Amino acid sequence: MSGDAPAAPRRRDGVAIFALALAARVAVVAWAAGRFPPTADATYYQRIAERIAAGLGYTWLWPDGVVTYAAHYPVGYPGAVGALYALVGTHPAGAMLLNAVLGALGALAVHRLAARAAPRSRAVAALAGALVALHPGLVAYTPALMTEGVTGSLVACAAWASAWARERRPALAPLVVLGLLVGMATLVRPQTLVLAPVFAGLALLGPAPGDPPRSSGAPAPRGRAAQAARAARRAAPILLTVIAALLVCAPWTARNCARMDRCALVSVNGGWNLLIGADPASTGAWSPIQVPEACRDVFDEAGKDACFGREARRFIVEHPGTWLGLMPRKLAATFDYCGAAGWYLHASNPAAFSEAAKVALGAVETAFERAVLLLALVWALRRSAPAPGALGGRARELSLAHRGLALARLALFAVGVVAALHVHAWVGYLALLGLALLEGRALLRAPVLAGAALAVLAATALTHAVFFGAGRYALVVFPLLTGLAALAAARQDPERHRAGAPRAMDGSGSGGAGAAGSTVSAPPSASGA
């Protein structure tokens, strides 16, 4: 597009964003390295990483001297930290610096995604990257030897690869890179695997740069054979992406099959987590597991997890209403208040990070995240609203159903705003998803940044509604959602409305010109993430 911002200044902006994000995180690491030892789950990640660095593999030394193979926690993060420890020693500062580099890569990825989403505005892309670079929750969580921030960065890099794949269609290499990145994230958090087909779909179904508006394109193929062939052409690259992700996990899966007495893709804690989330007395967050009678004499790690899973599923089948009634608590525990950084620092060393400091950091972080939610809601409402005069003479033809749809959008927006300013922000996040879903198929033509952010938000909400919630789990969503919030400052493209409004009359969706981006810098590599 003639109005697109030049590529070279954007690349310089990307370098500046990466440097800013890295400097902020390294400064926090310099302050924290000698003060905050691993705590909570980080204690286990540190011990596993130390054993891997010593050549002992993912094994566990019990108090009685017995050593067993283990797979309770996903291997990705302690495996990466263990490899680093083998080179530089086992001080947690090494893991903190790894977190800093990955966090900076996540900020860079969001900047590159925003550059594609708002090709006419260099400032919007810079704003998106800077917000992620200086996100108080993400930056302050850098000293935590935990997986959520790392996962958020890997997912952002995978979304970057998805945008690259959209630009390079029909080339398959970018989809392989996408699959490799999702596979790496899956080794850190197994539920990330569901994003492989979603991100591939965003690359294949959205408009590539230079594509005409959907309403002026060629008609869809008719006939069952033509439609089947078209579906197969679309399914094959998605399948390739999923296969690439699974191949990353395959060696570890084979190890689990051989060492853990049953096969598991990555880890054997799904049954534990499902049972914790199926406790009628649950607050929605983690709680000590109540061991069922049927599992009291099962001591094998994989066998106990399988037993817990069976008992949890039995409870859900027998008490579906009770289990469904727990979901609002779980979503509240996940999205109402994160506070992960303050919680970790205070739990690690209360003398170095007091209760007052924890509350102050939590307040700053919450204010930031609520502002991000409000801006994301504004983006969703602006995107779904036709530009003035876009419908022209057809405005009178709007049916009652379409007027009702407009009212539903306004109602969801109002609910989301109220929730963002209230205690229960989780309602606002669901309202954001509802606003997006009301776009129908038009959402497929949205920028990859938008589609990926909404997909990660939906996957996170669904996962923790089923299992259990915690504020730190929302960190996975924050990089992409923060980038999406910056798009609220982007100028709406009238071409989107002119192309999309007539098609909205028949419910077939519309195209978003915001994704028809500009020439940009080279894509991410699997080794870089």
# chains A, B, ... in the order shown; residues from 1 in each chain; ligands from 1
call {"tool": "residues_around", "arguments": {"residues": "A:Val248", "least_positions_apart": "6", "cutoff": "8 Å", "atoms": "only C-alpha atoms", "output": "list in words"}}
result
Leu180, Gly183 and Met184 of chain A
call {"tool": "residues_around", "arguments": {"residues": "A:Pro251", "least_positions_apart": "4", "cutoff": "12 Å", "atoms": "only C-alpha atoms", "output": "list in words"}}
result
Val75, Gly183, Leu187, Ala245, Leu246, Leu247, Arg255, Asn256, Cys257, Ala258, Cys263, Ala264, Leu265 and Val266 of chain A
call {"tool": "closest_atom_pairs", "arguments": {"of": "stretch 63-92 of chain A", "to": "stretch 283-306 of chain A", "cutoff": "12 Å", "atoms": "only C-alpha atoms", "output": "CSV"}}
result
residue,atom,partner,partner_atom,distance
A:Thr68,CA,A:Glu301,CA,9.4
A:Tyr69,CA,A:Glu301,CA,9.0
A:Ala70,CA,A:Glu301,CA,7.3
A:Ala71,CA,A:Glu301,CA,8.1
A:His72,CA,A:Glu301,CA,7.5
A:Tyr73,CA,A:Glu301,CA,11.2
call {"tool": "residues_around", "arguments": {"residues": "A:Ala352", "least_positions_apart": "3", "cutoff": "12 Å", "atoms": "only C-alpha atoms", "output": "list in words"}}
result
Trp31, Ala32, Ala33, Gly34, Arg35, Phe36, Pro37, Gly342, Tyr344, Leu345, His346, Ala347, Ser348, Asn349, Glu355, Ala356, Ala357 and Lys358 of chain A
call {"tool": "write_last_selection", "arguments": {"atoms": "N, CA, C and O atoms", "output": "PDB file, in the first residue's frame"}}
result
ATOM      1  N   TRP A  31      18.920  -6.871  40.097  1.00  0.00           N
ATOM      2  CA  TRP A  31      18.435  -6.594  41.453  1.00  0.00           C
ATOM      3  C   TRP A  31      18.033  -7.864  42.184  1.00  0.00           C
ATOM      4  O   TRP A  31      18.259  -8.014  43.396  1.00  0.00           O
ATOM      5  N   ALA A  32      17.458  -8.836  41.478  1.00  0.00           N
ATOM      6  CA  ALA A  32      16.836  -9.999  42.126  1.00  0.00           C
ATOM      7  C   ALA A  32      17.749 -11.197  42.281  1.00  0.00           C
ATOM      8  O   ALA A  32      17.496 -12.055  43.142  1.00  0.00           O
ATOM      9  N   ALA A  33      18.788 -11.312  41.471  1.00  0.00           N
ATOM     10  CA  ALA A  33      19.544 -12.565  41.388  1.00  0.00           C
ATOM     11  C   ALA A  33      20.049 -13.054  42.738  1.00  0.00           C
ATOM     12  O   ALA A  33      19.990 -14.247  43.047  1.00  0.00           O
ATOM     13  N   GLY A  34      20.564 -12.174  43.555  1.00  0.00           N
ATOM     14  CA  GLY A  34      21.110 -12.603  44.840  1.00  0.00           C
ATOM     15  C   GLY A  34      20.112 -12.567  45.979  1.00  0.00           C
ATOM     16  O   GLY A  34      20.475 -12.917  47.116  1.00  0.00           O
ATOM     17  N   ARG A  35      18.894 -12.170  45.702  1.00  0.00           N
ATOM     18  CA  ARG A  35      17.918 -11.976  46.777  1.00  0.00           C
ATOM     19  C   ARG A  35      16.795 -13.008  46.792  1.00  0.00           C
ATOM     20  O   ARG A  35      16.243 -13.280  47.863  1.00  0.00           O
ATOM     21  N   PHE A  36      16.437 -13.542  45.641  1.00  0.00           N
ATOM     22  CA  PHE A  36      15.208 -14.329  45.555  1.00  0.00           C
ATOM     23  C   PHE A  36      15.495 -15.742  45.041  1.00  0.00           C
ATOM     24  O   PHE A  36      15.592 -15.965  43.831  1.00  0.00           O
ATOM     25  N   PRO A  37      15.626 -16.692  45.960  1.00  0.00           N
ATOM     26  CA  PRO A  37      15.820 -18.086  45.540  1.00  0.00           C
ATOM     27  C   PRO A  37      14.517 -18.652  44.989  1.00  0.00           C
ATOM     28  O   PRO A  37      13.432 -18.095  45.208  1.00  0.00           O
ATOM     29  N   GLY A 342       4.416 -10.147  42.326  1.00  0.00           N
ATOM     30  CA  GLY A 342       4.492  -9.799  43.743  1.00  0.00           C
ATOM     31  C   GLY A 342       4.372 -11.013  44.639  1.00  0.00           C
ATOM     32  O   GLY A 342       5.075 -11.120  45.660  1.00  0.00           O
ATOM     33  N   TYR A 344       5.281 -14.108  43.934  1.00  0.00           N
ATOM     34  CA  TYR A 344       6.503 -14.906  43.870  1.00  0.00           C
ATOM     35  C   TYR A 344       7.625 -14.247  44.679  1.00  0.00           C
ATOM     36  O   TYR A 344       8.305 -14.908  45.478  1.00  0.00           O
ATOM     37  N   LEU A 345       7.838 -12.954  44.470  1.00  0.00           N
ATOM     38  CA  LEU A 345       8.934 -12.274  45.157  1.00  0.00           C
ATOM     39  C   LEU A 345       8.729 -12.282  46.665  1.00  0.00           C
ATOM     40  O   LEU A 345       9.684 -12.494  47.435  1.00  0.00           O
ATOM     41  N   HIS A 346       7.494 -12.074  47.098  1.00  0.00           N
ATOM     42  CA  HIS A 346       7.221 -12.069  48.539  1.00  0.00           C
ATOM     43  C   HIS A 346       7.371 -13.467  49.124  1.00  0.00           C
ATOM     44  O   HIS A 346       7.918 -13.623  50.238  1.00  0.00           O
ATOM     45  N   ALA A 347       6.895 -14.488  48.400  1.00  0.00           N
ATOM     46  CA  ALA A 347       7.026 -15.861  48.890  1.00  0.00           C
ATOM     47  C   ALA A 347       8.483 -16.296  48.937  1.00  0.00           C
ATOM     48  O   ALA A 347       8.884 -17.055  49.821  1.00  0.00           O
ATOM     49  N   SER A 348       9.284 -15.801  48.006  1.00  0.00           N
ATOM     50  CA  SER A 348      10.689 -16.186  47.961  1.00  0.00           C
ATOM     51  C   SER A 348      11.490 -15.548  49.087  1.00  0.00           C
ATOM     52  O   SER A 348      12.318 -16.211  49.722  1.00  0.00           O
ATOM     53  N   ASN A 349      11.252 -14.253  49.354  1.00  0.00           N
ATOM     54  CA  ASN A 349      12.036 -13.549  50.373  1.00  0.00           C
ATOM     55  C   ASN A 349      11.211 -12.391  50.921  1.00  0.00           C
ATOM     56  O   ASN A 349      11.294 -11.257  50.439  1.00  0.00           O
ATOM     57  N   GLU A 355       5.118  -7.333  52.307  1.00  0.00           N
ATOM     58  CA  GLU A 355       3.697  -7.418  51.961  1.00  0.00           C
ATOM     59  C   GLU A 355       3.214  -6.110  51.323  1.00  0.00           C
ATOM     60  O   GLU A 355       2.424  -6.130  50.368  1.00  0.00           O
ATOM     61  N   ALA A 356       3.680  -4.983  51.841  1.00  0.00           N
ATOM     62  CA  ALA A 356       3.284  -3.695  51.276  1.00  0.00           C
ATOM     63  C   ALA A 356       3.773  -3.562  49.839  1.00  0.00           C
ATOM     64  O   ALA A 356       3.052  -3.044  48.971  1.00  0.00           O
ATOM     65  N   ALA A 357       5.008  -3.993  49.585  1.00  0.00           N
ATOM     66  CA  ALA A 357       5.529  -3.940  48.215  1.00  0.00           C
ATOM     67  C   ALA A 357       4.731  -4.859  47.299  1.00  0.00           C
ATOM     68  O   ALA A 357       4.444  -4.512  46.142  1.00  0.00           O
ATOM     69  N   LYS A 358       4.353  -6.012  47.795  1.00  0.00           N
ATOM     70  CA  LYS A 358       3.530  -6.941  47.024  1.00  0.00           C
ATOM     71  C   LYS A 358       2.198  -6.306  46.636  1.00  0.00           C
ATOM     72  O   LYS A 358       1.759  -6.388  45.477  1.00  0.00           O
TER      73      LYS A 358
END
call {"tool": "closest_residue", "arguments": {"among": "A:Glu311, A:Glu318, A:Asp41, A:Asp13", "to": "A:Met146", "atoms": "only C-alpha atoms"}}
result
A:Asp41
call {"tool": "atom_distance", "arguments": {"atom1": "atom CA of A:Val456", "atom2": "atom CA of A:Val477"}}
result
6.0 Å
call {"tool": "residues_around", "arguments": {"residues": "A:Leu172", "least_positions_apart": "6", "cutoff": "12 Å", "atoms": "only C-alpha atoms", "output": "PDB file with all heavy atoms, in the first residue's frame"}}
result
ATOM      1  N   ALA A 161       5.230 -16.128  13.529  1.00  0.00           N
ATOM      2  CA  ALA A 161       5.433 -17.079  12.435  1.00  0.00           C
ATOM      3  C   ALA A 161       4.149 -17.277  11.629  1.00  0.00           C
ATOM      4  O   ALA A 161       4.185 -17.458  10.412  1.00  0.00           O
ATOM      5  CB  ALA A 161       5.924 -18.415  12.992  1.00  0.00           C
ATOM      6  N   SER A 162       3.003 -17.240  12.296  1.00  0.00           N
ATOM      7  CA  SER A 162       1.727 -17.361  11.591  1.00  0.00           C
ATOM      8  C   SER A 162       1.530 -16.192  10.625  1.00  0.00           C
ATOM      9  O   SER A 162       1.072 -16.374   9.482  1.00  0.00           O
ATOM     10  CB  SER A 162       0.578 -17.434  12.597  1.00  0.00           C
ATOM     11  OG  SER A 162      -0.676 -17.457  11.949  1.00  0.00           O
ATOM     12  N   TRP A 164       3.891 -14.426   9.267  1.00  0.00           N
ATOM     13  CA  TRP A 164       4.852 -14.654   8.183  1.00  0.00           C
ATOM     14  C   TRP A 164       4.303 -15.678   7.194  1.00  0.00           C
ATOM     15  O   TRP A 164       4.407 -15.507   5.976  1.00  0.00           O
ATOM     16  CB  TRP A 164       6.181 -15.110   8.783  1.00  0.00           C
ATOM     17  CG  TRP A 164       7.244 -15.448   7.787  1.00  0.00           C
ATOM     18  CD1 TRP A 164       7.577 -14.754   6.655  1.00  0.00           C
ATOM     19  CD2 TRP A 164       8.128 -16.572   7.834  1.00  0.00           C
ATOM     20  NE1 TRP A 164       8.615 -15.369   6.000  1.00  0.00           N
ATOM     21  CE2 TRP A 164       8.970 -16.487   6.701  1.00  0.00           C
ATOM     22  CE3 TRP A 164       8.291 -17.627   8.728  1.00  0.00           C
ATOM     23  CZ2 TRP A 164       9.960 -17.430   6.448  1.00  0.00           C
ATOM     24  CZ3 TRP A 164       9.277 -18.562   8.480  1.00  0.00           C
ATOM     25  CH2 TRP A 164      10.102 -18.466   7.345  1.00  0.00           C
ATOM     26  N   ALA A 165       3.709 -16.747   7.720  1.00  0.00           N
ATOM     27  CA  ALA A 165       3.143 -17.777   6.847  1.00  0.00           C
ATOM     28  C   ALA A 165       1.998 -17.211   6.005  1.00  0.00           C
ATOM     29  O   ALA A 165       1.829 -17.599   4.838  1.00  0.00           O
ATOM     30  CB  ALA A 165       2.640 -18.949   7.697  1.00  0.00           C
ATOM     31  N   ARG A 166       1.209 -16.294   6.575  1.00  0.00           N
ATOM     32  CA  ARG A 166       0.135 -15.675   5.793  1.00  0.00           C
ATOM     33  C   ARG A 166       0.719 -14.880   4.623  1.00  0.00           C
ATOM     34  O   ARG A 166       0.188 -14.917   3.510  1.00  0.00           O
ATOM     35  CB  ARG A 166      -0.700 -14.757   6.685  1.00  0.00           C
ATOM     36  CG  ARG A 166      -1.796 -14.031   5.947  1.00  0.00           C
ATOM     37  CD  ARG A 166      -2.580 -13.086   6.849  1.00  0.00           C
ATOM     38  NE  ARG A 166      -3.516 -13.782   7.713  1.00  0.00           N
ATOM     39  CZ  ARG A 166      -4.468 -13.172   8.440  1.00  0.00           C
ATOM     40  NH1 ARG A 166      -4.583 -11.847   8.356  1.00  0.00           N
ATOM     41  NH2 ARG A 166      -5.272 -13.863   9.208  1.00  0.00           N
ATOM     42  N   LEU A 178       6.250 -22.434  12.289  1.00  0.00           N
ATOM     43  CA  LEU A 178       5.144 -22.256  13.227  1.00  0.00           C
ATOM     44  C   LEU A 178       4.933 -23.512  14.066  1.00  0.00           C
ATOM     45  O   LEU A 178       4.794 -23.436  15.294  1.00  0.00           O
ATOM     46  CB  LEU A 178       3.876 -21.904  12.448  1.00  0.00           C
ATOM     47  CG  LEU A 178       2.549 -21.957  13.213  1.00  0.00           C
ATOM     48  CD1 LEU A 178       2.573 -21.001  14.400  1.00  0.00           C
ATOM     49  CD2 LEU A 178       1.387 -21.637  12.283  1.00  0.00           C
ATOM     50  N   GLY A 179       4.917 -24.664  13.420  1.00  0.00           N
ATOM     51  CA  GLY A 179       4.735 -25.912  14.157  1.00  0.00           C
ATOM     52  C   GLY A 179       5.850 -26.177  15.143  1.00  0.00           C
ATOM     53  O   GLY A 179       5.606 -26.635  16.274  1.00  0.00           O
ATOM     54  N   ALA A 200      -2.279 -21.964  12.369  1.00  0.00           N
ATOM     55  CA  ALA A 200      -2.156 -22.313  10.951  1.00  0.00           C
ATOM     56  C   ALA A 200      -3.387 -21.861  10.184  1.00  0.00           C
ATOM     57  O   ALA A 200      -3.285 -21.361   9.052  1.00  0.00           O
ATOM     58  CB  ALA A 200      -1.958 -23.820  10.797  1.00  0.00           C
ATOM     59  N   ALA A 203      -3.210 -18.262   9.382  1.00  0.00           N
ATOM     60  CA  ALA A 203      -2.309 -17.985   8.263  1.00  0.00           C
ATOM     61  C   ALA A 203      -2.959 -18.302   6.919  1.00  0.00           C
ATOM     62  O   ALA A 203      -2.745 -17.587   5.937  1.00  0.00           O
ATOM     63  CB  ALA A 203      -1.026 -18.801   8.426  1.00  0.00           C
ATOM     64  N   LEU A 204      -3.765 -19.343   6.875  1.00  0.00           N
ATOM     65  CA  LEU A 204      -4.315 -19.816   5.599  1.00  0.00           C
ATOM     66  C   LEU A 204      -5.603 -19.127   5.208  1.00  0.00           C
ATOM     67  O   LEU A 204      -5.884 -18.949   4.019  1.00  0.00           O
ATOM     68  CB  LEU A 204      -4.539 -21.334   5.675  1.00  0.00           C
ATOM     69  CG  LEU A 204      -3.284 -22.179   5.841  1.00  0.00           C
ATOM     70  CD1 LEU A 204      -3.656 -23.611   6.130  1.00  0.00           C
ATOM     71  CD2 LEU A 204      -2.412 -22.094   4.603  1.00  0.00           C
ATOM     72  N   ARG A 234      -6.715 -26.866   1.999  1.00  0.00           N
ATOM     73  CA  ARG A 234      -6.575 -26.077   3.212  1.00  0.00           C
ATOM     74  C   ARG A 234      -6.170 -26.926   4.409  1.00  0.00           C
ATOM     75  O   ARG A 234      -5.447 -26.475   5.288  1.00  0.00           O
ATOM     76  CB  ARG A 234      -7.891 -25.362   3.514  1.00  0.00           C
ATOM     77  CG  ARG A 234      -8.172 -24.189   2.590  1.00  0.00           C
ATOM     78  CD  ARG A 234      -9.427 -23.454   3.003  1.00  0.00           C
ATOM     79  NE  ARG A 234      -9.574 -22.204   2.265  1.00  0.00           N
ATOM     80  CZ  ARG A 234     -10.580 -21.350   2.424  1.00  0.00           C
ATOM     81  NH1 ARG A 234     -11.525 -21.612   3.308  1.00  0.00           N
ATOM     82  NH2 ARG A 234     -10.647 -20.242   1.723  1.00  0.00           N
ATOM     83  N   ALA A 236      -4.359 -29.726   4.444  1.00  0.00           N
ATOM     84  CA  ALA A 236      -3.016 -30.299   4.381  1.00  0.00           C
ATOM     85  C   ALA A 236      -1.975 -29.423   5.074  1.00  0.00           C
ATOM     86  O   ALA A 236      -1.179 -29.920   5.885  1.00  0.00           O
ATOM     87  CB  ALA A 236      -2.633 -30.566   2.925  1.00  0.00           C
ATOM     88  N   PRO A 237      -1.932 -28.096   4.826  1.00  0.00           N
ATOM     89  CA  PRO A 237      -0.942 -27.277   5.544  1.00  0.00           C
ATOM     90  C   PRO A 237      -1.193 -27.228   7.049  1.00  0.00           C
ATOM     91  O   PRO A 237      -0.240 -27.156   7.838  1.00  0.00           O
ATOM     92  CB  PRO A 237      -1.116 -25.883   4.911  1.00  0.00           C
ATOM     93  CG  PRO A 237      -1.754 -26.128   3.591  1.00  0.00           C
ATOM     94  CD  PRO A 237      -2.643 -27.311   3.788  1.00  0.00           C
ATOM     95  N   ILE A 238      -2.466 -27.250   7.463  1.00  0.00           N
ATOM     96  CA  ILE A 238      -2.765 -27.276   8.900  1.00  0.00           C
ATOM     97  C   ILE A 238      -2.255 -28.568   9.515  1.00  0.00           C
ATOM     98  O   ILE A 238      -1.647 -28.568  10.597  1.00  0.00           O
ATOM     99  CB  ILE A 238      -4.281 -27.110   9.126  1.00  0.00           C
ATOM    100  CG1 ILE A 238      -4.730 -25.718   8.678  1.00  0.00           C
ATOM    101  CG2 ILE A 238      -4.638 -27.335  10.590  1.00  0.00           C
ATOM    102  CD1 ILE A 238      -6.219 -25.489   8.761  1.00  0.00           C
ATOM    103  N   LEU A 239      -2.473 -29.670   8.818  1.00  0.00           N
ATOM    104  CA  LEU A 239      -1.974 -30.961   9.300  1.00  0.00           C
ATOM    105  C   LEU A 239      -0.456 -30.946   9.385  1.00  0.00           C
ATOM    106  O   LEU A 239       0.127 -31.491  10.334  1.00  0.00           O
ATOM    107  CB  LEU A 239      -2.470 -32.074   8.378  1.00  0.00           C
ATOM    108  CG  LEU A 239      -2.079 -33.500   8.774  1.00  0.00           C
ATOM    109  CD1 LEU A 239      -2.654 -33.857  10.138  1.00  0.00           C
ATOM    110  CD2 LEU A 239      -2.568 -34.501   7.722  1.00  0.00           C
ATOM    111  N   LEU A 240       0.200 -30.345   8.403  1.00  0.00           N
ATOM    112  CA  LEU A 240       1.659 -30.248   8.425  1.00  0.00           C
ATOM    113  C   LEU A 240       2.128 -29.499   9.669  1.00  0.00           C
ATOM    114  O   LEU A 240       3.107 -29.897  10.323  1.00  0.00           O
ATOM    115  CB  LEU A 240       2.138 -29.533   7.160  1.00  0.00           C
ATOM    116  CG  LEU A 240       3.639 -29.217   7.090  1.00  0.00           C
ATOM    117  CD1 LEU A 240       4.457 -30.507   7.045  1.00  0.00           C
ATOM    118  CD2 LEU A 240       3.945 -28.332   5.879  1.00  0.00           C
ATOM    119  N   THR A 241       1.443 -28.416  10.015  1.00  0.00           N
ATOM    120  CA  THR A 241       1.811 -27.644  11.202  1.00  0.00           C
ATOM    121  C   THR A 241       1.677 -28.474  12.467  1.00  0.00           C
ATOM    122  O   THR A 241       2.567 -28.468  13.337  1.00  0.00           O
ATOM    123  CB  THR A 241       0.920 -26.393  11.300  1.00  0.00           C
ATOM    124  OG1 THR A 241       1.024 -25.640  10.094  1.00  0.00           O
ATOM    125  CG2 THR A 241       1.330 -25.525  12.474  1.00  0.00           C
ATOM    126  N   ALA A 244       4.456 -31.060  12.649  1.00  0.00           N
ATOM    127  CA  ALA A 244       5.731 -30.464  13.050  1.00  0.00           C
ATOM    128  C   ALA A 244       5.761 -30.241  14.563  1.00  0.00           C
ATOM    129  O   ALA A 244       6.783 -30.492  15.219  1.00  0.00           O
ATOM    130  CB  ALA A 244       5.940 -29.140  12.313  1.00  0.00           C
TER     131      ALA A 244
END
call {"tool": "closest_residue", "arguments": {"among": "A:Ala414, A:Ala128, A:Leu361, A:Leu475", "to": "A:Leu381", "atoms": "only C-alpha atoms"}}
result
A:Ala414
call {"tool": "select_by_dssp", "arguments": {"residues": "stretch 18-102 of chain A", "states": "alpha helix (DSSP H)", "output": "number ranges by chain"}}
result
A: 18-32, 41-53, 76-88, 92-102
call {"tool": "residues_around", "arguments": {"residues": "stretch 419-425 of chain A", "least_positions_apart": "4", "cutoff": "7 Å", "atoms": "only C-alpha atoms", "output": "number ranges by chain"}}
result
A: 332, 335-336, 370, 373-374, 415, 429
